[in-house]
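Colleague: Mind looking over this structure? Questions follow.
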Amino acid sequence: MPLWVCGCCGALRPRYKRLVDNIFPEDPEDGLVKANMEKLTFYALSAPEKLDRIGAYLSERLSRDVARHRYGYVCIAMEALDQLLMACHCQSINLFVESFLKMVRKLLEADKPNLQILGTNSFVKFANIEEDTPSYHRSYDFFVSRFSEMCHSSYEDPDIRTKIRMAGIKGLQGVVRKTVNDELQANIWDPQHMDKIVPSLLFNLQSGEGTESRSPSPLQASKKEKESPAELTERCFRELLGRAAYGNIKNAVTPVLMHLDNHSLWEGKTFAVRCFKIIMYSIQSQHSHLVIQQLLGHLDANSRSSATVRAGIVEVLLEAAAIAASGSVGPTVLEVFNTLLRHLRLSVDYELTGSYDCTNIGTKIIKEHEERQLQEAVIRTIGSFANTLPTYQRSEVMLFIMGKIPIPGMHPMLHSTGSGPEGNRMIQVMLLKSLRQVTCGFQTTNMLTALPNSFLDPLLSFALLEDAEIRLLVLEILVSLIDRHNNLPKFSTISIISDISVLKLKVDKCSRQDNLFMKKHAQHLYRHIYLCSKEQSSVQPHFEKLYSLLALISMELANEEVVVDLIRVALALQDLALSSEETLPVYNRCAVHALSSAYLNLISQLTTVPAFCQHVHEVSATLESLYLLTVCSHQLIPKTLEKLEGELLFQQAKITEVLGGSGYNTERLATPYVPQFTDEDRLSKRKSIGETISLQVEVESRNSPEKEEVNENIKIYNTHRHIWLDSVGVEEQEKERRRQVVEKFQKAPFEEIAAHCGARATMLQSKLNQIFEITIRPPPSPSGTITSSYGQTQSRSVPVYEMKFPDLCVY
């Protein structure tokens, strides 16, 4: 064929092909021919219907150049595509984009790292373009898979490997940006996509775990070549989570949980905590509770995993709850605490049984210290959750936890495998520790509604148990509840302060609600303070908390009546320390005496009665060196307390005299305080007061030479014992009478019950008629008058219900 024929055929080629061919130089090293590229761009803008053909032809040339390994021309073709893509936003750009994505896909499939990075960079530029028209048929599934694969690159050269991984991260970021707001695209939040994207990001985030978690400054962000994969990954992960709507949170968090499970990353805690800190800070605050609920569900799913795994999940919960405080823990608050308490009890069961059936490795042998660490983590997490709640919800949580504690005679005991008395004790201790965490920092203006009987009664019943640890926890909970002005640190130790003004106490006037609270619960509190003081197993922390409790009641809940009762309790404690009828060790007697004298020193200065302060100061000066120091050092305990009398003791008569002169109730002050005996003593599983006293009297009668004094004490004791037994007998008779009444109404014939009720109704009506006759004195009626014995006329009274009124007066 002649040469002129070829030239003629070349001139007949379509214009768009000639324009495309002209942008390629003879030597690819010269780069894109810019003048010809401007002509091509102008042509594409002038004839947008040709854009799809331009894209197809460029794609054809690029495929041929890739196959022939002419990578210089490949780079020129991609540069031309990028410029056309940035310049053209016409209606027919969708077809051009299809050609563009086809070429990007061709580059990503190549084995050359440079081509993969080139294709990724072009895709990222495309992802940042906001298209005018939506796409119905475009799919990014391949790009999600390929970019995720690049994130896990294991290329031999570490520099190239880093570049490939960073390209993969940027590609995933581009896919998310392109699809997250396009309703016509396949949902990027679907599990099949999230299960690839999230683990790829976490893999790179974990590889740079040693780097500090932070967002780079604008200066650092401009120097992307210095940015590490971990920093880029964190920015990408934050952007992904920040775009998540309410319904997408679960799909984004679930792969995180699975990744941590599959790679055993819960046990280290550090990386897991870091991941969820990123999640909690990146999502919208109103969605925080969704993450919390997923973590709780995952904790349930791992109930048979090792203690270290469960502890890791709980630690993450702890951190997440602290961050969620600014948002919302969600509507299912009690469910959160129910889950945590269930796992606390489960941990106690595991610890007692020593092993359990593990899901993966058969029977798992328990390591006691790991279970203890888990229990402490759960307790801390419960407190962290409670700190995010308002006062009314915290009160509900306190009641909820109290309802879970096994209390003898009130709440059912545990019956799970391995749980016996020791299991009950352990769960009591753990739940009380949880309750202590919840009440820490608890402040309410109305103690009466915040601490109802359903909470205080079971709590105080624990103060009668023999277990010293449980009693101490109860005291710590009580002082946390009562301390509303942060005065507790100022009473951490028992000491006599000559001037309490140095403590800078915050004391408010007792409100009406506080008065009602004390009127309802005061005697209950005094009784438990007294009985806790006489426990032989009490040690220094118990007496310090009792001192704090007395001091806080005086400042938070005290009116004149309460002050008088507290002084009576303090004097009763002094008598308790000196009583020969109590079998308290010498150390406990010294501690009780120290408690009494330190508190009287405090209350005397709070009442600001000079004569009272002087009396207390005179006595305290002689007691301080002998007793208060014994609370801090067992080495200073005296052998006996027999020489304490007269001026060495607080005199009730003297205190009554000086306070009576200041307007206090002298009759109440002169009455010694005696705790009442209730059903709680029977539930406490300790010896009754009568048994203890009888045993003590028997021992003293054998060893003491002063038999006359002993006989007198026995007579006094027998008198009190008969009184107490009589009261118990009356109580038993009342119970028996009630039982008979109930049995009668359950078993008697209906006619007999009806006749009995009818007779009672008739008797009631007759009594009512008598009351009406006596009390109702209506105005004089027209029914007539009567004459008194003195000759005066008096009106005769007629009951209202018998008076006749005119029709016009009735409506």
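The chains in the structure tokens are called A, B, ... from first to last as shown; in each chain the residues are counted from 1, and the ligands are counted from 1 in the order shown.
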Find the residues near segment 434-447 of chain A: any atom within 6 Å, counting only C-alpha atoms, skip ones fewer than 2 places away on the same chain, and give them as a ChimeraX atom specification.

Modeller: /A:379,383,386,431-432,449-451,477,480,484,513

Colleague: Would you mind exporting the chosen residues as a compact mmCIF listing (two decimals), in the first residue's frame, restricted to N, CA, C and O atoms?

Modeller:
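Final output, saved to part25.txt:
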# COMPACT_ATOMS: atom_id res chain seq x y z
N ILE A 379 -15.49 -3.76 90.22
CA ILE A 379 -15.91 -2.80 91.25
C ILE A 379 -15.55 -1.38 90.84
O ILE A 379 -16.35 -0.44 90.99
N GLY A 383 -18.20 1.86 89.97
CA GLY A 383 -18.07 3.22 90.49
C GLY A 383 -17.96 4.24 89.37
O GLY A 383 -18.52 5.34 89.46
N ALA A 386 -21.34 4.82 87.93
CA ALA A 386 -22.19 5.57 88.86
C ALA A 386 -21.87 7.05 88.84
O ALA A 386 -22.76 7.89 89.00
N LEU A 431 -20.14 -7.05 96.82
CA LEU A 431 -21.25 -6.14 96.52
C LEU A 431 -21.21 -4.91 97.41
O LEU A 431 -21.57 -3.81 96.99
N LEU A 432 -20.79 -5.08 98.65
CA LEU A 432 -20.65 -3.91 99.51
C LEU A 432 -19.52 -3.00 99.03
O LEU A 432 -19.61 -1.77 99.12
N THR A 449 -35.53 11.00 100.89
CA THR A 449 -35.93 10.32 99.65
C THR A 449 -34.77 9.53 99.03
O THR A 449 -34.99 8.51 98.39
N ALA A 450 -33.55 10.02 99.23
CA ALA A 450 -32.40 9.34 98.64
C ALA A 450 -32.05 8.05 99.39
O ALA A 450 -31.51 7.12 98.79
N LEU A 451 -32.35 8.00 100.69
CA LEU A 451 -32.01 6.84 101.51
C LEU A 451 -33.26 6.32 102.20
O LEU A 451 -33.47 6.53 103.40
N ILE A 477 -19.57 3.14 103.91
CA ILE A 477 -20.71 3.55 103.09
C ILE A 477 -21.53 4.62 103.79
O ILE A 477 -21.95 5.63 103.19
N SER A 480 -19.82 8.01 103.71
CA SER A 480 -19.87 8.58 102.35
C SER A 480 -21.24 9.18 102.06
O SER A 480 -21.34 10.23 101.42
N ARG A 484 -21.77 15.47 102.98
CA ARG A 484 -22.19 16.23 101.81
C ARG A 484 -21.37 17.49 101.60
O ARG A 484 -21.60 18.21 100.64
N GLN A 513 -36.00 18.65 105.73
CA GLN A 513 -35.91 17.25 105.28
C GLN A 513 -34.93 16.46 106.15
O GLN A 513 -35.18 15.28 106.46

Colleague: Counting only C-alpha atoms, what is within 12 Å of His69 of chain A, bar same-chain residues fewer than 3 positions away, as an mmCIF file with N, CA, C and O atoms, in the first residue's frame?

Modeller:
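Output (result-v9.cif):
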data_model
loop_
_atom_site.group_PDB
_atom_site.id
_atom_site.type_symbol
_atom_site.label_atom_id
_atom_site.label_comp_id
_atom_site.auth_asym_id
_atom_site.auth_seq_id
_atom_site.Cartn_x
_atom_site.Cartn_y
_atom_site.Cartn_z
ATOM 1 N N LEU A 62 -3.568 2.822 27.855
ATOM 2 C CA LEU A 62 -2.909 2.497 29.124
ATOM 3 C C LEU A 62 -2.768 0.994 29.296
ATOM 4 O O LEU A 62 -1.723 0.505 29.744
ATOM 5 N N SER A 63 -3.787 0.249 28.925
ATOM 6 C CA SER A 63 -3.717 -1.218 29.057
ATOM 7 C C SER A 63 -2.604 -1.776 28.172
ATOM 8 O O SER A 63 -1.859 -2.679 28.574
ATOM 9 N N ARG A 64 -2.495 -1.202 26.963
ATOM 10 C CA ARG A 64 -1.456 -1.671 26.054
ATOM 11 C C ARG A 64 -0.058 -1.323 26.584
ATOM 12 O O ARG A 64 0.862 -2.149 26.540
ATOM 13 N N ASP A 65 0.065 -0.112 27.180
ATOM 14 C CA ASP A 65 1.367 0.297 27.707
ATOM 15 C C ASP A 65 1.764 -0.525 28.940
ATOM 16 O O ASP A 65 2.939 -0.834 29.141
ATOM 17 N N VAL A 66 0.775 -0.890 29.754
ATOM 18 C CA VAL A 66 1.072 -1.720 30.930
ATOM 19 C C VAL A 66 1.555 -3.086 30.474
ATOM 20 O O VAL A 66 2.527 -3.646 31.018
ATOM 21 N N GLY A 72 6.468 4.760 31.574
ATOM 22 C CA GLY A 72 6.469 6.207 31.423
ATOM 23 C C GLY A 72 5.193 6.700 30.785
ATOM 24 O O GLY A 72 4.598 7.702 31.221
ATOM 25 N N TYR A 73 4.734 6.000 29.716
ATOM 26 C CA TYR A 73 3.482 6.368 29.070
ATOM 27 C C TYR A 73 2.282 6.102 29.984
ATOM 28 O O TYR A 73 1.262 6.796 29.906
ATOM 29 N N VAL A 74 2.396 5.088 30.870
ATOM 30 C CA VAL A 74 1.324 4.810 31.837
ATOM 31 C C VAL A 74 1.128 6.006 32.761
ATOM 32 O O VAL A 74 0.001 6.445 33.024
ATOM 33 N N CYS A 75 2.230 6.559 33.222
ATOM 34 C CA CYS A 75 2.139 7.714 34.125
ATOM 35 C C CYS A 75 1.538 8.912 33.400
ATOM 36 O O CYS A 75 0.736 9.669 33.986
ATOM 37 N N LEU A 107 -4.102 -0.795 37.315
ATOM 38 C CA LEU A 107 -2.855 -0.476 37.991
ATOM 39 C C LEU A 107 -2.758 -1.196 39.339
ATOM 40 O O LEU A 107 -1.685 -1.671 39.724
ATOM 41 N N ALA A 110 -1.574 -4.735 39.135
ATOM 42 C CA ALA A 110 -0.191 -4.964 38.701
ATOM 43 C C ALA A 110 0.684 -5.355 39.887
ATOM 44 O O ALA A 110 0.372 -5.076 41.043
ATOM 45 N N ASP A 111 1.799 -6.023 39.569
ATOM 46 C CA ASP A 111 2.719 -6.467 40.618
ATOM 47 C C ASP A 111 3.680 -5.371 41.037
ATOM 48 O O ASP A 111 4.336 -5.496 42.073
ATOM 49 N N LYS A 112 3.794 -4.335 40.246
ATOM 50 C CA LYS A 112 4.749 -3.284 40.526
ATOM 51 C C LYS A 112 4.222 -2.360 41.624
ATOM 52 O O LYS A 112 3.128 -1.791 41.489
ATOM 53 N N LEU A 115 3.211 1.140 40.385
ATOM 54 C CA LEU A 115 1.920 1.233 39.708
ATOM 55 C C LEU A 115 0.769 1.214 40.713
ATOM 56 O O LEU A 115 -0.228 1.930 40.538
#

Colleague: Just list as an MDAnalysis selection string whatever in segment 395-637 of chain A DSSP marks as helix (DSSP H, G or I).

Modeller: chainID A and resid 395:404 421:439 447:450 453:464 468:482 488:491 500:503 512:533 540:556 560:578 586:607 610:632 634:636

Colleague: Got a sec: who's within 7 Å of Thr120 of chain A, counting only C-alpha atoms, leaving out chain neighbours fewer than 3 positions off, as a ChimeraX atom specification?

Modeller: /A:116-117,123-124,167,171
